[in-house]
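Source file: entry35.pdb. Holds: PDB, C-alpha atoms and all ligand atoms.
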```pdb
ATOM      1  CA  MET C   1     -15.001   2.916   1.253  1.00  0.00           C
ATOM      2  CA  GLY C   2     -13.667   0.194  -0.902  1.00  0.00           C
ATOM      3  CA  ALA C   3     -10.400  -1.138  -2.137  1.00  0.00           C
ATOM      4  CA  LYS C   4      -7.938  -0.331  -4.841  1.00  0.00           C
ATOM      5  CA  HIS C   5      -6.941  -3.049  -7.242  1.00  0.00           C
ATOM      6  CA  VAL C   6      -3.558  -2.109  -8.573  1.00  0.00           C
ATOM      7  CA  CYS C   7      -1.555  -3.228 -11.603  1.00  0.00           C
ATOM      8  CA  PHE C   8       2.101  -2.363 -11.013  1.00  0.00           C
ATOM      9  CA  THR C   9       2.944  -3.290 -14.594  1.00  0.00           C
ATOM     10  CA  CYS C  10       0.537  -0.787 -16.140  1.00  0.00           C
ATOM     11  CA  ARG C  11       0.741   1.570 -13.164  1.00  0.00           C
ATOM     12  CA  GLN C  12      -2.976   1.738 -12.960  1.00  0.00           C
ATOM     13  CA  ALA C  13      -5.387   1.482 -10.040  1.00  0.00           C
ATOM     14  CA  PHE C  14      -9.045   0.477 -10.165  1.00  0.00           C
ATOM     15  CA  ASN C  15     -11.455   1.632  -7.497  1.00  0.00           C
ATOM     16  CA  VAL C  16     -13.561  -1.237  -6.267  1.00  0.00           C
ATOM     17  CA  PRO C  17     -16.495  -0.518  -3.920  1.00  0.00           C
ATOM     18  CA  TYR C  18     -16.655  -2.361  -0.634  1.00  0.00           C
ATOM     19  CA  GLY C  19     -18.195  -5.802  -1.103  1.00  0.00           C
ATOM     20  CA  ALA C  20     -17.680  -5.859  -4.854  1.00  0.00           C
ATOM     21  CA  VAL C  21     -15.385  -8.415  -6.403  1.00  0.00           C
ATOM     22  CA  GLY C  22     -13.989  -5.977  -8.945  1.00  0.00           C
ATOM     23  CA  PRO C  23     -11.476  -6.852 -11.590  1.00  0.00           C
ATOM     24  CA  VAL C  24      -9.013  -9.459 -10.347  1.00  0.00           C
ATOM     25  CA  LYS C  25      -6.996  -9.337 -13.530  1.00  0.00           C
ATOM     26  CA  CYS C  26      -5.766  -6.200 -15.213  1.00  0.00           C
ATOM     27  CA  PRO C  27      -8.029  -5.338 -18.169  1.00  0.00           C
ATOM     28  CA  ARG C  28      -4.973  -4.105 -20.054  1.00  0.00           C
ATOM     29  CA  CYS C  29      -2.242  -6.695 -19.482  1.00  0.00           C
ATOM     30  CA  ALA C  30      -4.249  -9.529 -17.858  1.00  0.00           C
ATOM     31  CA  GLY C  31      -1.760  -9.591 -14.999  1.00  0.00           C
ATOM     32  CA  ALA C  32      -2.848 -10.249 -11.440  1.00  0.00           C
ATOM     33  CA  LEU C  33      -3.934  -7.163  -9.533  1.00  0.00           C
ATOM     34  CA  THR C  34      -2.693  -6.315  -6.073  1.00  0.00           C
ATOM     35  CA  ILE C  35      -5.504  -5.460  -3.687  1.00  0.00           C
ATOM     36  CA  LEU C  36      -4.716  -2.508  -1.450  1.00  0.00           C
ATOM     37  CA  PRO C  37      -6.811  -0.499   1.013  1.00  0.00           C
ATOM     38  CA  HIS C  38      -8.637   2.563  -0.249  1.00  0.00           C
ATOM     39  CA  ARG C  39      -6.107   4.767   1.493  1.00  0.00           C
ATOM     40  CA  PHE C  40      -3.472   3.866  -1.063  1.00  0.00           C
ATOM     41  CA  ARG C  41      -3.091   6.926  -3.267  1.00  0.00           C
ATOM     42  CA  PRO C  42      -2.012   5.799  -6.712  1.00  0.00           C
ATOM     43  CA  PRO C  43       0.781   7.980  -8.092  1.00  0.00           C
ATOM     44  CA  LYS C  44       0.452   9.484 -11.528  1.00  0.00           C
ATOM     45  CA  LYS C  45       1.587   7.188 -14.317  1.00  0.00           C
ATOM     46  CA  ARG C  46       4.888   8.991 -14.814  1.00  0.00           C
ATOM     47  CA  GLU C  47       5.841   9.179 -11.157  1.00  0.00           C
ATOM     48  CA  ASP C  48       8.315   6.318 -11.431  1.00  0.00           C
ATOM     49  CA  GLU C  49       9.877   6.878  -8.037  1.00  0.00           C
ATOM     50  CA  LYS C  50       6.556   6.671  -6.209  1.00  0.00           C
ATOM     51  CA  TRP C  51       5.450   3.576  -8.115  1.00  0.00           C
ATOM     52  CA  ASN C  52       8.774   1.868  -7.461  1.00  0.00           C
ATOM     53  CA  ALA C  53       8.524   2.688  -3.771  1.00  0.00           C
ATOM     54  CA  ALA C  54       4.925   1.430  -3.578  1.00  0.00           C
ATOM     55  CA  GLN C  55       5.771  -1.811  -5.358  1.00  0.00           C
ATOM     56  CA  TYR C  56       8.787  -2.371  -3.146  1.00  0.00           C
ATOM     57  CA  LEU C  57       6.738  -1.792   0.006  1.00  0.00           C
ATOM     58  CA  VAL C  58       4.029  -4.221  -1.099  1.00  0.00           C
ATOM     59  CA  GLU C  59       6.638  -6.849  -2.010  1.00  0.00           C
ATOM     60  CA  GLN C  60       8.133  -6.444   1.455  1.00  0.00           C
ATOM     61  CA  GLY C  61       4.766  -7.051   3.088  1.00  0.00           C
ATOM     62  CA  PHE C  62       3.650  -3.464   3.670  1.00  0.00           C
ATOM     63  CA  CYS C  63       0.260  -3.275   1.997  1.00  0.00           C
ATOM     64  CA  TYR C  64      -0.735   0.210   3.148  1.00  0.00           C
ATOM     65  CA  GLU C  65      -2.300  -0.985   6.347  1.00  0.00           C
ATOM     66  CA  HIS C  66      -1.975   1.413   9.251  1.00  0.00           C
ATOM     67  CA  ILE C  67       1.231   1.069  11.183  1.00  0.00           C
ATOM     68  CA  SER C  68       1.116   2.444  14.666  1.00  0.00           C
ATOM     69  CA  PRO C  69       4.221   1.574  16.685  1.00  0.00           C
ATOM     70  CA  ALA C  70       2.822   3.251  19.775  1.00  0.00           C
ATOM     71  CA  ALA C  71      -0.486   1.371  19.683  1.00  0.00           C
ATOM     72  CA  GLU C  72       0.432  -0.926  22.534  1.00  0.00           C
ATOM     73  CA  LEU C  73       1.417   1.970  24.735  1.00  0.00           C
ATOM     74  CA  THR C  74      -1.411   4.391  24.143  1.00  0.00           C
ATOM     75  CA  LYS C  75      -5.162   4.414  23.923  1.00  0.00           C
ATOM     76  CA  ARG C  76      -6.591   3.657  20.541  1.00  0.00           C
ATOM     77  CA  SER C  77      -7.605   7.240  19.836  1.00  0.00           C
ATOM     78  CA  GLU C  78      -4.109   8.455  20.571  1.00  0.00           C
ATOM     79  CA  ALA C  79      -2.588   5.660  18.583  1.00  0.00           C
ATOM     80  CA  GLN C  80      -4.519   6.691  15.506  1.00  0.00           C
ATOM     81  CA  ALA C  81      -2.741  10.021  15.538  1.00  0.00           C
ATOM     82  CA  ASN C  82       0.554   8.180  15.450  1.00  0.00           C
ATOM     83  CA  TYR C  83       0.081   6.326  12.193  1.00  0.00           C
ATOM     84  CA  VAL C  84       3.277   6.204  10.252  1.00  0.00           C
ATOM     85  CA  PRO C  85       3.049   7.769   6.797  1.00  0.00           C
ATOM     86  CA  TYR C  86       4.153   5.561   3.934  1.00  0.00           C
ATOM     87  CA  PRO C  87       7.251   6.789   2.093  1.00  0.00           C
ATOM     88  CA  GLU C  88       7.136   7.897  -1.525  1.00  0.00           C
ATOM     89  CA  ASN C  89      10.600   7.140  -2.750  1.00  0.00           C
ATOM     90  CA  LEU C  90      12.722   4.028  -2.814  1.00  0.00           C
ATOM     91  CA  ARG C  91      15.439   5.268  -0.478  1.00  0.00           C
ATOM     92  CA  GLU C  92      12.947   6.138   2.248  1.00  0.00           C
ATOM     93  CA  ALA C  93      11.045   2.935   1.521  1.00  0.00           C
ATOM     94  CA  ARG C  94      14.154   0.861   2.276  1.00  0.00           C
ATOM     95  CA  GLU C  95      14.643   2.663   5.584  1.00  0.00           C
ATOM     96  CA  PHE C  96      10.953   2.233   6.340  1.00  0.00           C
ATOM     97  CA  VAL C  97      11.134  -1.523   5.739  1.00  0.00           C
ATOM     98  CA  GLN C  98      14.151  -1.805   8.046  1.00  0.00           C
ATOM     99  CA  GLN C  99      12.529   0.260  10.760  1.00  0.00           C
ATOM    100  CA  TYR C 100       9.118  -1.407  10.717  1.00  0.00           C
ATOM    101  CA  ARG C 101      10.103  -4.932   9.735  1.00  0.00           C
ATOM    102  CA  ALA C 102       8.123  -6.265  12.704  1.00  0.00           C
ATOM    103  CA  PHE C 103       4.917  -4.935  11.109  1.00  0.00           C
ATOM    104  CA  ALA C 104       5.415  -6.581   7.723  1.00  0.00           C
ATOM    105  CA  LYS C 105       2.861  -9.133   6.614  1.00  0.00           C
ATOM    106  CA  LYS C 106       4.516 -12.046   4.988  1.00  0.00           C
ATOM    107  CA  PRO C 107       2.351 -14.120   2.664  1.00  0.00           C
TER     108      PRO C 107
HETATM  109 ZN    ZN T   1      -1.783  -4.268 -16.239  1.00  0.00          ZN
END
```
Reformat the file's structure so that it appears as structure tokens.
Ligand SMILES: [Zn+2]
Amino acid sequence: MGAKHVCFTCRQAFNVPYGAVGPVKCPRCAGALTILPHRFRPPKKREDEKWNAAQYLVEQGFCYEHISPAAELTKRSEAQANYVPYPENLREAREFVQQYRAFAKKP
């Protein structure tokens, strides 16, 4: 398990093994890469909607960490089954951000 270093400009993700530093700048555009957990599934290059949604979510502080609204109410094993899936289009992403605002990580 490692991380994904993502360039939203080039719409490219680089797999970086756990513990490795990996590229911190995009080899193509030299822009800063966004580091996301391995569970982030990079869309295909032409899937504009999914890339836009992903970028929006990251900008809003949702970096593909698990969100489990029921975690405080249930045992951990049950909570894991309740992870909220991340949306794949901008409309759903906006609703998602509204609904789970409390879980956002602000820099
Ligand atoms: Zn780039």
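CA of Lys4 (chain C) sits 5.8 Å away from CA of Ile35 (chain C).
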### Selection result of the PyMOL selection byres (((not hetatm)) within 9 of (chain T and resi 1)) on this file, as an MDAnalysis selection string
chainID C and resid 6:12 25:33
### Message
Ranking C:His5, C:Arg41, C:Arg46, C:His66 by minimum distance to Tyr100 (chain C) and counting only C-alpha atoms, which one comes first?
### Response
C:His66
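Residue nearest Arg94 (chain C) within the list C:Pro42, C:Lys50, C:Gln60, C:Ser68: C:Gln60 [criterion: smallest interatomic distance, all atoms listed in the file].
Across the structure, CA of Asp48 (chain C) and CA of Ala104 (chain C) are spaced 23.3 Å apart.
What separates CA of Pro69 (chain C) from CA of Pro87 (chain C) is a distance of 15.8 Å.
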### Query
Can you list, as a ChimeraX atom specification, every protein, DNA or RNA residue that comes within 9 Å of Cys63 (chain C) when you count only C-alpha atoms, leaving out same-chain residues fewer than 5 positions away?
/C:35-37,40,54,57-58,104-105
### Message
So, with all atoms listed in the file as the atoms that count, which of C:Glu59, C:Ala20, C:Ala13, C:Gly2 lies closest to Lys44 (chain C)?
### Response
C:Ala13
### Summary
For Asn52 (chain C), the closest of C:Val97, C:Leu90, C:Ala3, C:Val16 counting only C-alpha atoms is C:Leu90
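If you measure from each of C:Glu88, C:Phe103, C:Val24, C:Asn15 to Glu47 (chain C) using only C-alpha atoms, the closest one turns out to be C:Glu88.
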